[in-house]
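Structure first, commentary second.
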Amino acid sequence: EEKKFVQLVSNWWDYLDHLNNNLVMDFNAFSKKSLLEGDISSFTTLINDQNMYIDHLSNVNEYVSLDASNGPIIIMDHVTIKPFVRIEGPCFIGSHSTINAHSDIASSFIGHHCKIGGEVKRSIIQSYSNKSHYGFVGDSIIGEWVNLGAGSTTSNLKLSYGQISSHDIFTNESKNTGSQFLGCIFGDYVRTGIQSLFECGSVISSASSLYGSDPHAKFIPPFTWGKPNHYLNQDIVAFTESIERMMSRRNIFIGEEEKLVFKQLFDHTLSKR
């Protein structure tokens with residue numbers, strides 16, 4: 001029997017293929033759609049505002065453009081949209097997130113407690129992740145507690161305009177995605193230094209810390225530290241300490257059980273590095 005609205009996902013890029021439709025369905029099922037209750041500057045441009053929701057505890061600064069012509073825009077509570085931002089729907093921005101000045105965002109889901117800057121197109125950014133500065137992220141997925149340094153950029157189109165391949169973690173081989181536009185997937189707790197560059201279809205596994213201005217390898221195993229052509233294992237003690245410092249800035253603290261989980265995952269993935 002055919003089940004309506006059941007989406008089958010076999011690969012990480014399938015989530016991006018479903019993204020726009022899911023954002024529209026969420027808005028249509030939203031009980032408060034078409035309510036603009038936030039502190040919205042009179043200098044804000046609202047296009048097709050009946051296709052928007054802005055929570056009463058959120059703030060939209062002057063010279064912001066919100067365009068819901070191509071899909072709905074949902075802005076949850078305690079969100080700050082700074083001046084000169086452009087947001088094109090469909091788009092969801094979770095509670096306690098900040099969109100920095102001059103950002104350009106379209107067709108994206110942004111979780112709660114995120115800080116976003118630069119250009120973001122057709123991407124999923126999960127909660128507590130930061131892309132605060134300039135740089136392009138397109139057709140990509142970013143996990144939780146990720147921090148992308150200034151200028152970090154994902155490529156999403158080959159010079160040949162051909163189909164993009166991506167690493168299949170189950171077969172450990174490259175797989176043709178059938179997509180002409182595809183960026184990267186970043187696992188949880190990934191950190192990148194300034195000017196980090198990533199090729200189309202890259203898989204950056206969880207708990208990796210990367211730096212350097214040359215393009216990184218298309219597959220980075222879990223718990224990797226390093227720069228292009230020089231990758232090492234994370235120092236698990238130093239990594240855990242850095243995670244504690246990062247999370248404490250959000251008044252979230254990890255206990256000994258969480259530290260043990262990191263250690264067990266580190267040991268379990270040794271064979272993949």
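For the structure tokens, the naming scheme is as follows: chains receive sequential letters (A, B, ...) according to their order of presentation, residues are indexed from 1 within each chain, and ligands are indexed from 1 in presentation order.
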What are the closest atom pairs, with distances in Å to one decimal, for all residues of region 13-131 of chain A lying within 12 Å of region 244-261 of chain A? Consider only C-alpha atoms, order rows by chain and residue number, and present the result as JSON lines.
{"residue": "A:His96", "atom": "CA", "partner": "A:Arg250", "partner_atom": "CA", "distance": 11.2}
{"residue": "A:His113", "atom": "CA", "partner": "A:Arg250", "partner_atom": "CA", "distance": 8.8}
{"residue": "A:Cys114", "atom": "CA", "partner": "A:Arg250", "partner_atom": "CA", "distance": 10.8}
{"residue": "A:Ser127", "atom": "CA", "partner": "A:Arg250", "partner_atom": "CA", "distance": 11.8}
{"residue": "A:Tyr128", "atom": "CA", "partner": "A:Arg250", "partner_atom": "CA", "distance": 8.6}
{"residue": "A:Ser129", "atom": "CA", "partner": "A:Met246", "partner_atom": "CA", "distance": 10.8}
{"residue": "A:Asn130", "atom": "CA", "partner": "A:Met246", "partner_atom": "CA", "distance": 11.2}
Kindly export the residues of the current selection with C-alpha atoms, as a PDB file, in the first residue's frame.
ATOM      1  CA  HIS A  96      17.627  32.101  19.915  1.00  0.00           C
ATOM      2  CA  HIS A 113      20.934  28.781  19.034  1.00  0.00           C
ATOM      3  CA  CYS A 114      22.824  29.281  15.767  1.00  0.00           C
ATOM      4  CA  SER A 127      21.270  23.555  16.433  1.00  0.00           C
ATOM      5  CA  TYR A 128      24.168  25.197  18.312  1.00  0.00           C
ATOM      6  CA  SER A 129      26.217  25.568  15.131  1.00  0.00           C
ATOM      7  CA  ASN A 130      27.998  28.720  14.003  1.00  0.00           C
TER       8      ASN A 130
END
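When DSSP is run on the backbone, the residues of region 9-253 of chain A that fall into alpha helix (DSSP H) are Asp14, Tyr15, Leu16, Asp17, His18, Leu19, Asn20, Asn21, Asn22, Leu23, Val24, Met25, Asp26, Phe27, Asn28, Ile236, Val237, Ala238, Phe239, Thr240, Glu241, Ser242, Ile243, Glu244, Arg245, Met246, Met247 and Ser248 of chain A.
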Discussion item. Can you pull out the residues contacting region 137-140 of chain A? Cut-off 6 Å, using only C-alpha atoms, and skip same-chain residues under 5 positions away; I want them as a PyMOL selection string.
Written reply: chain A and resi 120-123+153-154+182-185
Keeping only N, CA, C and O atoms, take the residues you just selected and write them out as a compact mmCIF listing (two decimals), in the first residue's frame.
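Output file out33.txt follows:
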# COMPACT_ATOMS: atom_id res chain seq x y z
N VAL A 120 24.25 31.51 2.53
CA VAL A 120 23.79 30.15 2.80
C VAL A 120 22.64 29.85 1.84
O VAL A 120 21.63 30.56 1.83
N LYS A 121 22.78 28.80 1.04
CA LYS A 121 21.75 28.44 0.06
C LYS A 121 21.42 26.95 0.16
O LYS A 121 22.32 26.11 0.21
N ARG A 122 20.15 26.63 0.19
CA ARG A 122 19.63 25.25 0.21
C ARG A 122 20.45 24.35 1.12
O ARG A 122 21.04 23.36 0.71
N SER A 123 20.46 24.71 2.39
CA SER A 123 21.27 23.97 3.36
C SER A 123 20.50 23.74 4.64
O SER A 123 19.53 24.44 4.95
N THR A 153 34.39 27.78 3.01
CA THR A 153 33.54 27.78 1.82
C THR A 153 33.40 26.37 1.26
O THR A 153 34.36 25.61 1.21
N THR A 154 32.17 26.04 0.86
CA THR A 154 31.90 24.77 0.19
C THR A 154 31.69 25.02 -1.29
O THR A 154 30.95 25.92 -1.68
N LEU A 182 25.78 20.10 -5.38
CA LEU A 182 25.88 19.44 -4.08
C LEU A 182 27.13 19.94 -3.36
O LEU A 182 28.22 19.98 -3.94
N GLY A 183 26.95 20.34 -2.12
CA GLY A 183 28.06 20.82 -1.31
C GLY A 183 28.64 19.72 -0.44
O GLY A 183 29.11 18.70 -0.94
N CYS A 184 28.57 19.90 0.87
CA CYS A 184 29.25 18.99 1.81
C CYS A 184 28.31 18.62 2.95
O CYS A 184 27.30 19.28 3.20
N ILE A 185 28.69 17.57 3.67
CA ILE A 185 28.05 17.26 4.94
C ILE A 185 29.12 17.32 6.02
O ILE A 185 30.21 16.74 5.87
Worksheet item: Which is closest to Ala238 (chain A) among A:His102, A:Lys263, A:His18, A:His216, if we use only C-alpha atoms?
Response: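 Once distances to Ala238 (chain A) are computed over only C-alpha atoms, the minimum belongs to A:Lys263.
Considering the residues A:Thr177, A:Gln195, A:Thr45, A:Gln50 and counting only C-alpha atoms, Ile74 (chain A) has its shortest atom-to-atom contact with A:Gln50.
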Discussion item. Using only C-alpha atoms, which protein or nucleic acid residues come within 8 Å of Pro222 (chain A)? Drop anything in the same chain fewer than 4 positions from it, and give the result as a PyMOL selection string.
Written reply: chain A and resi 204-208+266+269+272-273
Take the residues just selected and output them with N, CA, C and O atoms as a short mmCIF file (atom, residue, chain, number, x, y, z; two decimals), in the first residue's frame.
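Produced file result_2.cif, reproduced below:
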data_model
loop_
_atom_site.label_atom_id
_atom_site.label_comp_id
_atom_site.auth_asym_id
_atom_site.auth_seq_id
_atom_site.Cartn_x
_atom_site.Cartn_y
_atom_site.Cartn_z
N ILE A 204 32.69 15.29 5.73
CA ILE A 204 33.56 15.68 6.84
C ILE A 204 32.99 15.06 8.11
O ILE A 204 31.99 15.53 8.65
N SER A 205 33.61 14.00 8.57
CA SER A 205 33.03 13.21 9.66
C SER A 205 33.11 13.95 11.00
O SER A 205 33.89 14.89 11.18
N SER A 206 32.32 13.48 11.93
CA SER A 206 32.17 14.13 13.24
C SER A 206 33.49 14.25 13.99
O SER A 206 34.40 13.44 13.81
N ALA A 207 33.55 15.29 14.83
CA ALA A 207 34.66 15.49 15.76
C ALA A 207 35.99 15.72 15.06
O ALA A 207 37.04 15.35 15.57
N SER A 208 35.94 16.33 13.89
CA SER A 208 37.17 16.66 13.16
C SER A 208 37.49 18.14 13.32
O SER A 208 36.59 18.98 13.34
N PHE A 266 35.85 7.42 19.88
CA PHE A 266 37.20 7.59 19.37
C PHE A 266 37.88 6.24 19.16
O PHE A 266 38.47 5.96 18.10
N THR A 269 36.27 4.11 16.23
CA THR A 269 36.52 4.56 14.86
C THR A 269 37.98 4.56 14.48
O THR A 269 38.34 5.07 13.39
N LYS A 272 38.89 3.34 11.04
CA LYS A 272 38.48 4.14 9.89
C LYS A 272 39.47 5.24 9.55
O LYS A 272 39.34 5.92 8.52
N ARG A 273 40.48 5.44 10.42
CA ARG A 273 41.42 6.55 10.20
C ARG A 273 42.75 6.03 9.68
O ARG A 273 43.13 4.91 9.92
#
Discussion item. I'd like the neighbourhood of Thr44 (chain A) as number ranges by chain, where a residue qualifies if any of its atoms comes within 10 Å (using only C-alpha atoms), though same-chain residues fewer than 2 positions away should be ignored.
Written reply: A: 40-42, 46-47, 60-66, 83-85
Selected residues, N, CA, C and O atoms, written as a PDB file, in the first residue's frame, please.
ATOM      1  N   ILE A  40       9.566  44.585  14.261  1.00  0.00           N
ATOM      2  CA  ILE A  40       9.999  44.671  12.871  1.00  0.00           C
ATOM      3  C   ILE A  40      10.200  46.132  12.502  1.00  0.00           C
ATOM      4  O   ILE A  40       9.276  46.951  12.626  1.00  0.00           O
ATOM      5  N   SER A  41      11.408  46.477  12.069  1.00  0.00           N
ATOM      6  CA  SER A  41      11.698  47.852  11.674  1.00  0.00           C
ATOM      7  C   SER A  41      10.796  48.299  10.525  1.00  0.00           C
ATOM      8  O   SER A  41      10.472  47.512   9.631  1.00  0.00           O
ATOM      9  N   SER A  42      10.406  49.561  10.557  1.00  0.00           N
ATOM     10  CA  SER A  42       9.596  50.112   9.464  1.00  0.00           C
ATOM     11  C   SER A  42      10.379  50.182   8.160  1.00  0.00           C
ATOM     12  O   SER A  42       9.803  50.383   7.088  1.00  0.00           O
ATOM     13  N   LEU A  46       9.010  43.517   3.298  1.00  0.00           N
ATOM     14  CA  LEU A  46       8.326  42.224   3.412  1.00  0.00           C
ATOM     15  C   LEU A  46       7.609  41.943   2.099  1.00  0.00           C
ATOM     16  O   LEU A  46       6.735  42.719   1.688  1.00  0.00           O
ATOM     17  N   ILE A  47       7.968  40.851   1.437  1.00  0.00           N
ATOM     18  CA  ILE A  47       7.363  40.482   0.165  1.00  0.00           C
ATOM     19  C   ILE A  47       6.550  39.208   0.366  1.00  0.00           C
ATOM     20  O   ILE A  47       7.072  38.188   0.806  1.00  0.00           O
ATOM     21  N   VAL A  60      13.622  42.179  14.011  1.00  0.00           N
ATOM     22  CA  VAL A  60      14.075  42.320  12.635  1.00  0.00           C
ATOM     23  C   VAL A  60      14.514  43.768  12.439  1.00  0.00           C
ATOM     24  O   VAL A  60      13.695  44.693  12.508  1.00  0.00           O
ATOM     25  N   ASN A  61      15.808  43.967  12.219  1.00  0.00           N
ATOM     26  CA  ASN A  61      16.369  45.314  12.143  1.00  0.00           C
ATOM     27  C   ASN A  61      16.087  45.983  10.799  1.00  0.00           C
ATOM     28  O   ASN A  61      15.524  45.381   9.882  1.00  0.00           O
ATOM     29  N   GLU A  62      16.537  47.227  10.681  1.00  0.00           N
ATOM     30  CA  GLU A  62      16.290  48.020   9.486  1.00  0.00           C
ATOM     31  C   GLU A  62      17.042  47.461   8.276  1.00  0.00           C
ATOM     32  O   GLU A  62      18.063  46.815   8.402  1.00  0.00           O
ATOM     33  N   TYR A  63      16.464  47.741   7.100  1.00  0.00           N
ATOM     34  CA  TYR A  63      17.052  47.389   5.798  1.00  0.00           C
ATOM     35  C   TYR A  63      17.208  45.880   5.603  1.00  0.00           C
ATOM     36  O   TYR A  63      18.117  45.426   4.902  1.00  0.00           O
ATOM     37  N   VAL A  64      16.313  45.125   6.197  1.00  0.00           N
ATOM     38  CA  VAL A  64      16.242  43.680   5.980  1.00  0.00           C
ATOM     39  C   VAL A  64      15.196  43.412   4.900  1.00  0.00           C
ATOM     40  O   VAL A  64      14.148  44.068   4.851  1.00  0.00           O
ATOM     41  N   SER A  65      15.469  42.440   4.035  1.00  0.00           N
ATOM     42  CA  SER A  65      14.514  42.025   3.011  1.00  0.00           C
ATOM     43  C   SER A  65      14.093  40.584   3.263  1.00  0.00           C
ATOM     44  O   SER A  65      14.939  39.684   3.273  1.00  0.00           O
ATOM     45  N   LEU A  66      12.801  40.387   3.478  1.00  0.00           N
ATOM     46  CA  LEU A  66      12.237  39.049   3.648  1.00  0.00           C
ATOM     47  C   LEU A  66      11.318  38.782   2.464  1.00  0.00           C
ATOM     48  O   LEU A  66      10.290  39.448   2.300  1.00  0.00           O
ATOM     49  N   PRO A  83      20.903  44.270  10.483  1.00  0.00           N
ATOM     50  CA  PRO A  83      20.640  45.057   9.273  1.00  0.00           C
ATOM     51  C   PRO A  83      21.258  44.474   7.998  1.00  0.00           C
ATOM     52  O   PRO A  83      22.246  43.742   8.041  1.00  0.00           O
ATOM     53  N   PHE A  84      20.614  44.817   6.879  1.00  0.00           N
ATOM     54  CA  PHE A  84      21.095  44.493   5.528  1.00  0.00           C
ATOM     55  C   PHE A  84      21.135  42.984   5.255  1.00  0.00           C
ATOM     56  O   PHE A  84      21.975  42.501   4.494  1.00  0.00           O
ATOM     57  N   VAL A  85      20.221  42.251   5.858  1.00  0.00           N
ATOM     58  CA  VAL A  85      20.102  40.807   5.620  1.00  0.00           C
ATOM     59  C   VAL A  85      19.027  40.569   4.562  1.00  0.00           C
ATOM     60  O   VAL A  85      17.993  41.246   4.535  1.00  0.00           O
TER      61      VAL A  85
END
Worksheet item: Could you name the residues that touch region 162-167 of chain A at 10 Å or less, counting only C-alpha atoms, but leaving out those on the same chain fewer than 2 positions away, as a PyMOL selection string?
Response: chain A and resi 11-13+156-160+169-185+199-204+218-220
Item to complete: Go ahead and compute the interatomic distance for CA of Ser108 (chain A) and CA of Thr192 (chain A), in Å to one decimal.
Response: 20.9 Å
Item to complete: Compile the contact shell of Asp26 (chain A) as an MDAnalysis selection string: residues with an atom at most 12 Å away, counting only C-alpha atoms, same-chain residues fewer than 2 positions apart removed.
Response: chainID A and resid 19:24 28:33 52:53 71:74 90:92 109
Resulting file, chosen residues, C-alpha atoms, as a short mmCIF file (atom, residue, chain, number, x, y, z; two decimals), in the first residue's frame:
data_model
loop_
_atom_site.label_atom_id
_atom_site.label_comp_id
_atom_site.auth_asym_id
_atom_site.auth_seq_id
_atom_site.Cartn_x
_atom_site.Cartn_y
_atom_site.Cartn_z
CA LEU A 19 14.10 20.20 2.03
CA ASN A 20 11.94 22.73 0.19
CA ASN A 21 8.83 20.55 0.23
CA ASN A 22 9.27 19.82 3.93
CA LEU A 23 9.62 23.51 4.77
CA VAL A 24 6.38 24.26 2.90
CA ASN A 28 1.06 24.76 6.14
CA ALA A 29 0.70 22.71 9.34
CA PHE A 30 1.89 25.61 11.55
CA SER A 31 -0.86 26.95 13.80
CA LYS A 32 0.43 30.54 13.80
CA LYS A 33 1.19 31.00 10.11
CA MET A 52 5.48 34.43 6.86
CA TYR A 53 5.50 33.97 10.60
CA GLY A 71 8.13 29.73 -0.20
CA PRO A 72 7.27 30.52 3.42
CA ILE A 73 9.54 32.09 6.03
CA ILE A 74 9.23 31.06 9.69
CA PRO A 90 11.28 28.69 2.00
CA CYS A 91 13.27 29.20 5.18
CA PHE A 92 13.05 28.29 8.88
CA PHE A 109 16.66 25.29 7.67
#
Discussion item. Considering only strand (DSSP E or B) as DSSP defines it on the backbone, what residues of region 7-143 of chain A qualify? List them as a PyMOL selection string.
Written reply: chain A and resi 36+39-40+45-47+52-54+59-60+65-67+73-75+80-81+86-93+98-99+104-110+115-116+119-121+124-125+130-131+136-138+141-142
Fill in: Gap from CA of Ile124 (chain A) to CA of Gln264 (chain A) - Å, one decimal
27.8 Å
Practice prompt. One decimal, Å: what's the distance from CA of Asp235 (chain A) over to CA of Ala217 (chain A), could you say?
Written response: 20.2 Å
Fill in: Which of A:Ser213, A:Ser242, A:Ser10, A:Asn100 sits closest to Asp168 (chain A) [using only C-alpha atoms]
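Ranking A:Ser213, A:Ser242, A:Ser10, A:Asn100 by distance to Asp168 (chain A), first place goes to A:Ser10.
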Worksheet item: Closest to Ala101 (chain A) among A:Gly118, A:Pro228, A:Gly149, A:Gly143, using only C-alpha atoms?
Response: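 The shortest atom-to-atom distance to Ala101 (chain A) comes from A:Gly118.
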